[in-house]
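Colleague: File run.cif below, mmCIF, C-alpha atoms:
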data_start
loop_
_atom_site.label_atom_id
_atom_site.label_comp_id
_atom_site.auth_asym_id
_atom_site.auth_seq_id
_atom_site.Cartn_x
_atom_site.Cartn_y
_atom_site.Cartn_z
CA MET A 13 49.75 119.81 127.25
CA CYS A 14 53.32 119.83 126.06
CA LYS A 15 54.91 117.62 123.41
CA ILE A 16 58.47 116.40 123.99
CA PHE A 17 60.11 114.08 121.44
CA GLY A 18 56.70 113.43 119.92
CA LYS A 19 55.10 112.36 123.19
CA SER A 20 52.28 114.28 124.91
CA ILE A 21 52.76 115.21 128.56
CA LEU A 22 49.75 116.31 130.63
CA PHE A 23 50.55 118.73 133.40
CA GLY A 24 48.54 118.01 136.53
CA GLY A 25 49.67 118.30 140.10
CA GLU A 26 53.28 117.69 138.96
CA THR A 27 53.34 120.70 136.60
CA MET A 28 55.70 122.89 138.56
CA ARG A 29 58.07 120.04 139.41
CA PHE A 30 58.25 119.04 135.74
CA LYS A 31 58.89 122.62 134.60
CA LYS A 32 61.76 122.95 137.08
CA LEU A 33 63.22 119.62 136.00
CA LEU A 34 62.96 120.60 132.34
CA LEU A 35 64.62 123.96 133.03
CA VAL A 36 67.49 122.34 134.93
CA SER A 37 67.99 119.80 132.12
CA LEU A 38 68.10 122.52 129.48
CA LEU A 39 70.59 124.53 131.51
CA MET A 40 72.82 121.49 131.97
CA LEU A 41 72.63 120.78 128.24
CA MET A 42 73.58 124.37 127.40
CA LEU A 43 76.47 124.27 129.86
CA SER A 44 77.78 121.01 128.37
CA PHE A 45 77.66 122.48 124.87
CA SER A 46 79.50 125.55 126.13
CA PHE A 47 82.08 123.37 127.87
CA ALA A 48 82.60 121.24 124.75
CA ALA A 49 82.92 124.36 122.62
CA GLU A 50 85.95 125.41 124.66
CA LYS A 51 87.75 122.18 123.80
CA THR A 52 89.75 121.55 120.64
CA THR A 53 88.71 118.41 118.79
CA LEU A 54 91.61 116.16 117.79
CA TYR A 55 91.27 113.14 115.52
CA TYR A 56 93.23 110.02 116.39
CA THR A 57 93.28 107.16 113.86
CA THR A 58 94.64 103.66 114.54
CA LEU A 59 94.74 100.23 112.93
CA PHE A 60 93.76 98.52 116.17
CA HIS A 61 90.94 96.02 116.28
CA SER A 62 89.44 93.46 118.66
CA GLY A 63 91.06 93.55 122.12
CA ASP A 64 93.60 96.18 121.09
CA ALA A 65 90.82 98.52 120.01
CA GLN A 66 88.99 98.05 123.29
CA ALA A 67 92.16 98.81 125.25
CA MET A 68 92.78 102.03 123.30
CA GLU A 69 89.16 103.05 123.79
CA LYS A 70 89.70 102.87 127.55
CA ILE A 71 92.73 105.14 127.28
CA VAL A 72 90.94 107.72 125.11
CA GLN A 73 87.85 107.68 127.32
CA ARG A 74 90.09 108.42 130.30
CA ILE A 75 91.75 111.30 128.43
CA ASN A 76 88.41 112.80 127.41
CA GLN A 77 87.12 112.54 130.97
CA GLU A 78 90.15 114.26 132.45
CA SER A 79 90.90 116.89 129.78
CA ASP A 80 89.40 120.36 129.83
CA ASP A 81 91.26 121.54 126.70
CA ILE A 82 90.92 118.77 124.09
CA PHE A 83 88.35 116.23 122.99
CA VAL A 84 89.63 113.16 121.14
CA VAL A 85 87.68 111.47 118.35
CA LEU A 86 89.01 107.92 117.97
CA VAL A 87 88.75 106.01 114.67
CA GLN A 88 90.03 102.41 114.64
CA GLY A 89 90.24 99.10 112.86
CA ALA A 90 91.19 99.68 109.20
CA TRP A 91 94.01 97.11 109.30
CA GLU A 92 94.09 95.99 105.66
CA ASN A 93 94.40 99.40 104.00
CA TYR A 94 95.31 101.60 106.95
CA TYR A 95 98.61 102.89 105.60
CA ALA A 96 97.27 103.62 102.12
CA GLN A 97 94.35 105.49 103.66
CA LEU A 98 96.63 107.53 105.90
CA ILE A 99 98.77 108.60 102.95
CA ASN A 100 95.64 109.50 100.97
CA GLN A 101 94.36 111.58 103.88
CA VAL A 102 97.63 113.51 104.03
CA VAL A 103 97.56 114.12 100.26
CA ALA A 104 93.92 115.24 100.45
CA GLY A 105 94.67 117.60 103.31
CA ASN A 106 92.39 115.95 105.88
CA ALA A 107 94.81 113.86 107.91
CA PRO A 108 94.11 113.04 111.58
CA GLN A 109 96.20 114.89 114.14
CA VAL A 110 97.59 111.64 115.57
CA GLY A 111 98.08 108.21 114.03
CA VAL A 112 99.92 104.93 114.58
CA VAL A 113 102.80 103.48 112.54
CA HIS A 114 104.64 100.17 112.96
CA SER A 115 108.39 100.58 113.34
CA ASN A 116 109.20 98.68 110.15
CA MET A 117 106.80 100.90 108.17
CA PHE A 118 108.62 104.19 108.79
CA PRO A 119 110.69 103.98 105.58
CA SER A 120 107.55 103.90 103.46
CA MET A 121 105.53 106.31 105.63
CA ARG A 122 107.92 109.03 106.83
CA ASP A 123 107.22 111.37 103.90
CA ALA A 124 103.64 111.58 105.16
CA LEU A 125 104.69 112.30 108.75
CA THR A 126 105.79 115.33 110.71
CA PRO A 127 109.39 115.17 111.99
CA LEU A 128 108.81 115.76 115.68
CA ASN A 129 112.12 117.48 116.27
CA ALA A 130 111.72 119.77 113.24
CA SER A 131 108.06 120.71 112.93
CA SER A 132 106.61 124.09 111.99
CA ALA A 133 105.97 124.51 115.72
CA GLY A 134 109.62 123.84 116.52
CA ASN A 135 111.10 120.88 118.37
CA LEU A 136 108.06 119.07 119.72
CA LEU A 137 110.23 116.55 121.55
CA GLU A 138 111.74 119.29 123.69
CA LYS A 139 108.40 121.02 124.23
CA SER A 140 106.77 117.81 125.43
CA GLY A 141 109.74 116.56 127.44
CA PHE A 142 110.18 113.32 125.48
CA LYS A 143 113.69 111.88 125.81
CA ARG A 144 115.30 108.79 124.32
CA GLU A 145 116.45 107.49 127.71
CA ASP A 146 112.85 107.41 128.96
CA PHE A 147 111.97 104.62 126.52
CA LEU A 148 113.23 101.25 125.33
CA THR A 149 116.03 102.74 123.27
CA ASP A 150 116.02 100.26 120.38
CA VAL A 151 112.33 101.03 119.82
CA TRP A 152 112.98 104.77 120.04
CA ASP A 153 115.80 104.52 117.50
CA SER A 154 113.61 102.68 115.00
CA SER A 155 111.83 105.93 114.12
CA THR A 156 114.93 108.10 113.62
CA PHE A 157 116.21 108.72 110.09
CA ASP A 158 118.86 111.27 109.10
CA ASP A 159 118.61 112.88 112.55
CA LEU A 160 114.85 113.38 112.13
CA HIS A 161 112.59 111.64 114.62
CA TYR A 162 109.10 110.65 113.50
CA GLY A 163 107.41 108.68 116.29
CA ILE A 164 106.94 108.18 120.01
CA PRO A 165 107.04 104.46 120.89
CA LEU A 166 103.81 103.16 122.36
CA ASP A 167 104.91 99.58 122.90
CA THR A 168 106.95 96.68 121.75
CA HIS A 169 105.40 93.33 120.96
CA MET A 170 107.06 90.01 120.21
CA TRP A 171 106.81 86.25 120.33
CA ALA A 172 107.58 84.11 123.37
CA MET A 173 107.05 80.44 124.21
CA TRP A 174 103.70 79.49 125.74
CA TYR A 175 103.43 76.02 127.25
CA ASN A 176 100.73 73.89 128.83
CA LYS A 177 101.78 73.03 132.39
CA ASP A 178 99.28 70.18 132.73
CA ILE A 179 100.65 68.52 129.59
CA PHE A 180 104.17 68.95 130.93
CA VAL A 181 103.19 67.08 134.09
CA LYS A 182 101.51 64.28 132.11
CA ALA A 183 104.62 63.99 129.95
CA GLY A 184 106.88 63.73 133.00
CA LEU A 185 108.35 67.22 132.56
CA ASP A 186 108.89 69.86 135.22
CA PRO A 187 106.24 72.58 134.61
CA ASP A 188 108.48 75.14 136.28
CA LYS A 189 111.45 74.42 134.00
CA PRO A 190 110.49 75.07 130.38
CA PRO A 191 113.13 74.37 127.70
CA THR A 192 115.75 77.05 127.14
CA ASN A 193 117.84 75.58 124.30
CA ALA A 194 117.67 73.16 121.37
CA GLU A 195 118.55 70.06 123.37
CA GLU A 196 115.97 70.76 126.08
CA LEU A 197 113.32 71.65 123.49
CA LYS A 198 113.87 68.39 121.61
CA TYR A 199 113.68 66.38 124.84
CA ALA A 200 110.45 68.09 125.90
CA ALA A 201 108.91 67.75 122.44
CA GLU A 202 109.57 64.01 122.28
CA LYS A 203 108.16 63.47 125.78
CA ILE A 204 105.02 65.46 124.91
CA LYS A 205 104.57 63.57 121.65
CA ASP A 206 104.96 60.23 123.45
CA ALA A 207 102.26 61.35 125.88
CA GLY A 208 99.82 61.64 122.98
CA TYR A 209 99.77 65.41 122.37
CA TYR A 210 100.89 67.76 119.67
CA ALA A 211 104.37 68.73 120.81
CA VAL A 212 105.35 72.10 119.32
CA HIS A 213 103.81 74.66 116.99
CA PHE A 214 106.35 77.27 115.96
CA ALA A 215 103.98 79.64 114.18
CA GLU A 216 100.79 80.69 115.98
CA ASP A 217 97.91 79.87 113.62
CA GLY A 218 100.22 78.49 110.93
CA VAL A 219 99.45 80.95 108.13
CA ALA A 220 102.23 81.79 105.70
CA ARG A 221 103.42 85.01 107.31
CA LYS A 222 103.62 83.33 110.73
CA LEU A 223 105.72 80.47 109.32
CA MET A 224 107.99 83.12 107.85
CA ARG A 225 108.36 84.73 111.28
CA ALA A 226 109.29 81.37 112.79
CA TRP A 227 111.98 80.97 110.13
CA TYR A 228 113.17 84.53 110.81
CA ILE A 229 113.74 83.67 114.47
CA LEU A 230 115.77 80.55 113.67
CA TYR A 231 117.81 82.46 111.09
CA TRP A 232 118.40 85.50 113.31
CA GLN A 233 119.55 83.23 116.13
CA GLN A 234 122.48 82.31 113.88
CA GLY A 235 123.35 85.96 113.32
CA GLY A 236 121.88 86.05 109.84
CA GLU A 237 120.41 89.15 108.20
CA LEU A 238 117.77 89.08 105.50
CA PHE A 239 119.21 91.84 103.32
CA ASP A 240 122.42 93.81 103.04
CA GLU A 241 122.65 97.19 104.74
CA ASN A 242 121.51 99.15 101.69
CA TYR A 243 118.79 96.70 100.66
CA SER A 244 120.49 96.12 97.34
CA LYS A 245 120.12 92.35 97.53
CA ALA A 246 118.79 89.46 99.63
CA THR A 247 121.33 87.77 101.91
CA PHE A 248 119.37 84.84 103.34
CA ASN A 249 120.01 82.13 100.72
CA ASN A 250 123.00 80.66 102.51
CA GLU A 251 123.97 77.90 104.91
CA LYS A 252 122.37 79.62 107.90
CA GLY A 253 119.12 80.32 106.08
CA ILE A 254 118.83 76.75 104.83
CA LYS A 255 119.72 75.35 108.26
CA ALA A 256 116.98 77.45 109.87
CA LEU A 257 114.34 76.45 107.34
CA GLN A 258 115.37 72.79 107.48
CA TYR A 259 114.85 72.83 111.26
CA LEU A 260 111.36 74.27 110.85
CA VAL A 261 110.50 71.75 108.13
CA ASP A 262 111.92 68.82 110.11
CA SER A 263 109.68 69.69 113.06
CA VAL A 264 106.69 68.46 111.04
CA GLN A 265 108.15 66.39 108.20
CA LYS A 266 110.78 64.38 110.14
CA TRP A 267 110.23 64.64 113.90
CA GLY A 268 106.42 64.74 113.88
CA TRP A 269 106.14 67.45 116.51
CA ASN A 270 103.08 68.74 114.70
CA THR A 271 101.25 68.42 111.38
CA LYS A 272 101.38 70.80 108.43
CA GLY A 273 98.32 72.98 107.94
CA THR A 274 97.38 73.06 111.62
CA ASP A 275 96.38 76.04 113.76
CA GLY A 276 98.50 76.28 116.89
CA PHE A 277 96.14 78.78 118.51
CA LYS A 278 93.27 76.30 118.34
CA GLN A 279 95.43 73.36 119.37
CA PHE A 280 96.67 75.19 122.45
CA ALA A 281 93.25 76.56 123.42
CA SER A 282 91.76 73.05 123.21
CA GLY A 283 94.44 71.60 125.49
CA GLN A 284 96.03 69.47 122.77
CA LEU A 285 99.33 71.31 122.28
CA GLY A 286 102.28 71.33 124.64
CA ILE A 287 104.32 74.28 123.31
CA LEU A 288 103.25 77.26 121.20
CA PHE A 289 105.36 80.11 119.86
CA ALA A 290 103.06 83.16 119.91
CA GLY A 291 102.84 86.87 120.64
CA ASN A 292 102.00 88.69 123.85
CA TRP A 293 98.50 89.39 122.50
CA TYR A 294 97.64 85.71 123.08
CA TYR A 295 97.23 86.31 126.82
CA TYR A 296 93.50 86.99 126.78
CA SER A 297 92.81 84.01 124.52
CA ALA A 298 94.77 81.74 126.85
CA GLU A 299 92.88 83.12 129.84
CA GLU A 300 89.53 82.65 128.13
CA ALA A 301 90.43 79.05 127.28
CA LYS A 302 91.25 78.47 130.98
CA ILE A 303 94.51 76.71 130.16
CA ASN A 304 97.02 76.11 132.95
CA TYR A 305 99.81 77.75 131.03
CA GLY A 306 103.23 79.26 131.48
CA VAL A 307 105.14 81.79 129.39
CA ALA A 308 108.90 81.59 128.86
CA LYS A 309 111.54 83.21 126.71
CA VAL A 310 112.01 81.86 123.21
CA PRO A 311 114.60 79.07 123.54
CA THR A 312 118.04 79.77 122.11
CA ILE A 313 117.95 76.98 119.54
CA PHE A 314 121.06 78.12 117.73
CA ASP A 315 123.79 80.63 118.66
CA LYS A 316 122.18 83.61 120.34
CA PRO A 317 118.80 84.79 121.68
CA ALA A 318 116.41 86.36 119.19
CA THR A 319 112.71 86.64 118.57
CA TRP A 320 110.46 88.31 116.03
CA GLY A 321 108.97 91.60 117.14
CA ASN A 322 107.68 94.97 116.12
CA SER A 323 106.39 98.15 117.75
CA HIS A 324 103.54 100.62 117.49
CA ASN A 325 104.52 104.28 117.42
CA LEU A 326 102.40 107.40 117.88
CA VAL A 327 102.90 109.87 115.04
CA ILE A 328 101.66 113.23 113.78
CA PRO A 329 100.73 113.04 110.08
CA LYS A 330 101.49 116.14 108.03
CA GLN A 331 98.71 118.69 108.44
CA ALA A 332 97.23 120.80 105.65
CA ALA A 333 97.20 123.98 107.71
CA ASN A 334 100.42 125.33 109.14
CA ASN A 335 98.95 125.66 112.61
CA PRO A 336 101.66 125.53 115.31
CA GLN A 337 99.05 125.30 118.06
CA MET A 338 97.54 122.19 116.46
CA TYR A 339 100.95 120.49 116.39
CA GLU A 340 101.47 121.37 120.04
CA GLN A 341 98.07 119.96 120.94
CA ALA A 342 98.80 116.80 118.95
CA ILE A 343 102.08 116.18 120.80
CA GLU A 344 100.27 116.86 124.07
CA LEU A 345 97.73 114.18 123.17
CA ILE A 346 100.62 111.80 122.47
CA ARG A 347 102.04 112.72 125.86
CA ARG A 348 98.77 111.84 127.59
CA ILE A 349 98.45 108.53 125.74
CA THR A 350 102.06 107.73 126.67
CA ASP A 351 101.47 108.56 130.33
CA LEU A 352 98.53 106.13 130.33
CA SER A 353 100.28 103.42 128.33
CA TYR A 354 100.40 101.18 131.40
CA MET A 355 96.72 100.64 130.54
CA TRP A 356 97.85 99.47 127.09
CA GLY A 357 99.72 96.74 128.91
CA MET A 358 96.93 95.95 131.37
CA PHE A 359 94.11 95.74 128.83
CA GLY A 360 95.92 95.15 125.52
CA GLY A 361 98.64 92.77 126.68
CA HIS A 362 101.45 94.82 125.09
CA ILE A 363 104.74 95.93 126.64
CA PRO A 364 104.78 99.72 127.15
CA ALA A 365 107.88 101.26 125.64
CA TYR A 366 107.74 104.16 128.10
CA ASN A 367 109.80 103.21 131.15
CA ASN A 368 107.52 104.87 133.69
CA SER A 369 104.50 102.97 132.36
CA ARG A 370 106.33 99.66 132.08
CA THR A 371 107.41 99.90 135.70
CA SER A 372 104.23 101.45 137.08
CA SER A 373 102.57 99.87 140.12
CA GLU A 374 99.29 99.60 138.18
CA LEU A 375 100.89 97.33 135.57
CA LEU A 376 103.24 95.45 137.87
CA ASN A 377 100.32 94.48 140.12
CA ALA A 378 98.08 93.41 137.22
CA PRO A 379 97.55 89.68 136.49
CA VAL A 380 98.78 90.10 132.91
CA TRP A 381 102.19 91.19 134.20
CA GLU A 382 102.60 88.28 136.57
CA LYS A 383 101.47 85.67 134.03
CA SER A 384 103.04 86.87 130.79
CA LEU A 385 104.22 90.44 130.33
CA ASN A 386 107.12 90.19 132.75
CA VAL A 387 108.70 87.59 130.45
CA PHE A 388 108.16 89.72 127.34
CA SER A 389 109.59 92.73 129.14
CA GLN A 390 112.70 90.76 130.08
CA MET A 391 113.22 89.75 126.46
CA ALA A 392 112.82 93.35 125.33
CA GLU A 393 115.36 94.57 127.88
CA GLU A 394 117.80 91.74 127.12
CA GLY A 395 117.98 92.41 123.39
CA TYR A 396 115.89 89.53 122.01
CA LEU A 397 113.83 91.81 119.78
CA HIS A 398 114.59 91.74 116.05
CA TYR A 399 112.56 93.73 113.54
CA PRO A 400 111.28 92.49 110.18
CA PRO A 401 112.41 94.24 106.96
CA ASN A 402 112.13 98.04 107.18
CA HIS A 403 112.21 99.00 103.53
CA VAL A 404 109.78 100.95 101.38
CA LYS A 405 108.95 97.64 99.68
CA ALA A 406 108.86 95.63 102.90
CA ALA A 407 105.37 94.29 102.26
CA GLU A 408 106.30 93.02 98.78
CA LEU A 409 109.51 91.45 100.05
CA GLU A 410 107.75 89.59 102.84
CA ASP A 411 105.01 88.42 100.49
CA ALA A 412 107.71 86.90 98.29
CA ILE A 413 109.48 85.18 101.17
CA GLN A 414 106.44 83.75 102.94
CA VAL A 415 105.12 81.95 99.86
CA TYR A 416 108.23 79.81 99.53
CA VAL A 417 108.71 79.24 103.26
CA GLN A 418 105.17 77.85 103.40
CA GLN A 419 105.81 75.61 100.39
CA ALA A 420 108.91 74.17 102.06
CA TYR A 421 107.02 73.66 105.34
CA ASN A 422 104.30 71.79 103.47
CA GLY A 423 106.87 69.62 101.70
CA THR A 424 106.21 70.71 98.11
CA ILE A 425 109.76 72.06 97.61
CA THR A 426 113.04 71.67 99.51
CA PRO A 427 114.35 74.37 101.86
CA SER A 428 117.24 75.13 99.51
CA GLU A 429 114.91 75.51 96.53
CA ALA A 430 112.55 77.67 98.59
CA LEU A 431 115.27 80.14 99.54
CA LYS A 432 116.69 80.15 96.03
CA ARG A 433 113.30 81.18 94.62
CA ALA A 434 112.65 83.69 97.41
CA GLU A 435 116.06 85.27 96.86
CA ALA A 436 115.45 85.66 93.13
CA GLU A 437 112.03 87.24 93.69
CA CYS A 438 113.30 89.63 96.37
CA ASN A 439 116.21 90.73 94.20
CA ARG A 440 113.80 91.37 91.34
CA ILE A 441 111.65 93.55 93.62
CA LEU A 442 114.68 95.47 94.89
CA SER A 443 115.96 96.07 91.35
CA GLU A 444 112.74 97.80 90.28
CA ASN A 445 112.55 101.57 90.60
#
Output the file's structure in the form of structure tokens.

Modeller:
Amino acid sequence: MCKIFGKSILFGGETMRFKKLLLVSLLMLMLSFSFAAEKTTLYYTTLFHSGDAQAMEKIVQRINQESDDIFVVLVQGAWENYYAQLINQVVAGNAPQVGVVHSNMFPSMRDALTPLNASSAGNLLEKSGFKREDFLTDVWDSSTFDDLHYGIPLDTHMWAMWYNKDIFVKAGLDPDKPPTNAEELKYAAEKIKDAGYYAVHFAEDGVARKLMRAWYILYWQQGGELFDENYSKATFNNEKGIKALQYLVDSVQKWGWNTKGTDGFKQFASGQLGILFAGNWYYYSAEEAKINYGVAKVPTIFDKPATWGNSHNLVIPKQAANNPQMYEQAIELIRRITDLSYMWGMFGGHIPAYNNSRTSSELLNAPVWEKSLNVFSQMAEEGYLHYPPNHVKAAELEDAIQVYVQQAYNGTITPSEALKRAEAECNRILSEN
């Protein structure tokens, strides 16, 4: 009798066959341990969750299956305190070899990151073959400060206009000709409202930060900037800023295109909303809801095209040990993730920043490209993308702005009063050391 994992096995006529099977299993186990021991373990930490996390898991699984030199341990999902944790890990000397940083967070994070063109292992950009012209250049440039480059762009993500084709037909609109400007948007909105539907939701689920993004878009389309070049003061409390916020407020308070406090995601998924301004990540929700939808560029409501957007970048946090080989392995991992970033588009719904991935046959032949990503890619290539504040106090500044934008949207204060209060609060934040 032999006991394996607490269970008794009686050897009868199958004794020899069992012994051979056990021996083969043990040999395979020993070989796998030996194989794994030859690999270097690299830790890769992200703030991805939900569908994004699942998409990145597919990429890392592929890398682990195909790599005979590294094994990647993936840790994901700490959205709320991700950046604080990453800084703490660097200070404590136990940082992951690869991480993720939003483009607008580089000013507050770069001291915790390795400059890729000036690491202790030399110029990692040259060693890995990364070149600016191989990426969406505005995304690439967002991680360069004082000639030091801190990140490799994984993607760009932004808002577009999603619309319900069936509602368009019921409202007497052409489902193949979505609105492209203010006049066409107003015409479509009134027709949709007359047909008995919610007409337009400018801000995804309608929470404060999304309303702020909607206002950003309307303000940026007039050529406005939120702060001066040196971030010494706010520059949005002006005619353009008020005009943009008044338009957003009028959409609910005056024109009745929607109702304050509503969730555009839910309205659209339930087939009750004609037009929704939302990000590329909404694709899988729209598919799951089985809506007959279209995706179009954000209409140019004012003077020039613009939309809210941001980007994820792959970075190497500062390492405790000055190990050149580890830095070289980390940039190689970033190279492999970048080469597979077409999967980030296919399964995560994001626009790969790497040109070869964005134009790969795998992505171009995927349903997500045909139904949504091709539009987002066009906007990225045509200069629609505008980043949110990229200051060390960006989070505080946006918290201050969104509170008052929401109050104006809800009708508790006027747009002019909202921007006056937001300006004062932002200037107070900027004046503090």

Colleague: With all atoms listed in the file as the basis for distance, which of A:Ile71, A:Ile363, A:Ala412, A:Val113 is at the shortest distance from Leu148 in chain A?

Modeller: A:Ile363

Colleague: Calculated over all atoms listed in the file, which of the candidates A:Gly395, A:Pro191, A:Gly63, A:Pro379 has the smallest distance to Ile313 in chain A?

Modeller: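 Of the candidates, the smallest distance to Ile313 in chain A is held by A:Pro191.
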
Colleague: If you count only C-alpha atoms, which residues fall within 7 Å of range 225-239 of chain A, apart from same-chain ones fewer than 4 positions away, as JSON, numbers by chain?

Modeller: {"A": [214, 215, 221, 243, 245, 246, 247, 248, 252, 253, 256, 257, 260, 314, 315, 316, 317, 318, 319, 320]}

Colleague: Could you write out as a PyMOL selection string the residues that the PyMOL selection byres ((chain A and resi 194-203) around 12) matches in the shown file?

Modeller: chain A and resi 173+175-177+179-187+189-193+204-214+230+233+259+262-264+267-270+285-288+310-317

Colleague: Could you check the closest approach to Ser389 in chain A for each of A:Gln341, A:Ser373, A:Gln418, A:Asn367 and tell me which residue wins, using only C-alpha atoms?

Modeller: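 The answer is A:Asn367, which sits nearest to Ser389 in chain A.
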
Colleague: Pick the closest to Gly306 in chain A from A:Trp174, A:Tyr56, A:Tyr416, A:Trp381: which is it, counting all atoms listed in the file?

Modeller: A:Trp174

Colleague: Identify all residues satisfying the PyMOL selection byres ((chain A and resi 151) around 12) in the given file; provide them as a PyMOL selection string.

Modeller: chain A and resi 114-116+144-150+152-156+161-169+321-326+363-367+392-393+395+397-399

Colleague: Determine the residue set returned by the PyMOL selection byres ((chain A and resi 123) around 10) for the present structure, and present it as JSON, numbers by chain.

Modeller: {"A": [99, 102, 118, 119, 120, 121, 122, 124, 125, 126, 127, 162, 329, 330]}

Colleague: Please determine, counting all atoms listed in the file, which residue among A:Tyr421, A:Ala104, A:Pro400, A:Asp159 has the shortest atom-to-atom distance to Asn129 in chain A.

Modeller: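 Comparing A:Tyr421, A:Ala104, A:Pro400, A:Asp159 against Asn129 in chain A, the winner is A:Asp159.
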
Colleague: Could you tell me how far CA of Leu385 in chain A sits from CA of Met170 in chain A, in Å to one decimal place?

Modeller: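 Here the two named atoms are 10.5 Å from each other.
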
Colleague: Could you tell me how far CA of Asp217 in chain A lies from CA of Phe277 in chain A, in Å and to one decimal?

Modeller: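 So the two atoms, CA of Asp217 in chain A and CA of Phe277 in chain A, lie 5.3 Å apart.
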
Colleague: With distances taken over only C-alpha atoms, which residue among A:Gly105, A:Gly361, A:Gly89, A:Gly111 lies nearest Ile328 in chain A?

Modeller: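 Of the candidates, the smallest distance to Ile328 in chain A is held by A:Gly111.
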
Colleague: Using all atoms of range 357-371 of chain A that appear in the file, construct an axis-aligned enclosing box with 6 Å of padding on every side and provide its centre coordinates and edge lengths in Å, rounded to one decimal, as AutoDock Vina command-line options.

Modeller:
--center_x 102.0 --center_y 98.8 --center_z 130.4 --size_x 27.7 --size_y 24.1 --size_z 22.6

Colleague: I'd like the neighbourhood of Ser369 in chain A as a compact mmCIF listing (two decimals) with C-alpha atoms, in the frame of the given file, where a residue qualifies if any of its atoms comes within 7 Å (using only C-alpha atoms), though same-chain residues fewer than 5 positions away should be ignored.

Modeller:
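Wrote result.txt, looks like this:
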# COMPACT_ATOMS: atom_id res chain seq x y z
CA ASP A 351 101.47 108.56 130.33
CA SER A 353 100.28 103.42 128.33
CA TYR A 354 100.40 101.18 131.40
CA PRO A 364 104.78 99.72 127.15

Colleague: State, in Å with one decimal place, the distance from CA of Ala67 in chain A to CA of Lys139 in chain A.

Modeller: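 If I compute the distance from CA of Ala67 in chain A to CA of Lys139 in chain A, I get 27.5 Å.
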
Colleague: Near Glu300 in chain A, counting all atoms listed in the file, which residues have an atom at most 12 Å away, once you skip same-chain residues fewer than 6 positions from it, shown as a compact mmCIF listing (two decimals) with C-alpha atoms, in the coordinates of the input?

Modeller:
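Dumped everything to selection_2.txt:
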# COMPACT_ATOMS: atom_id res chain seq x y z
CA PHE A 280 96.67 75.19 122.45
CA ALA A 281 93.25 76.56 123.42
CA SER A 282 91.76 73.05 123.21
CA TYR A 294 97.64 85.71 123.08
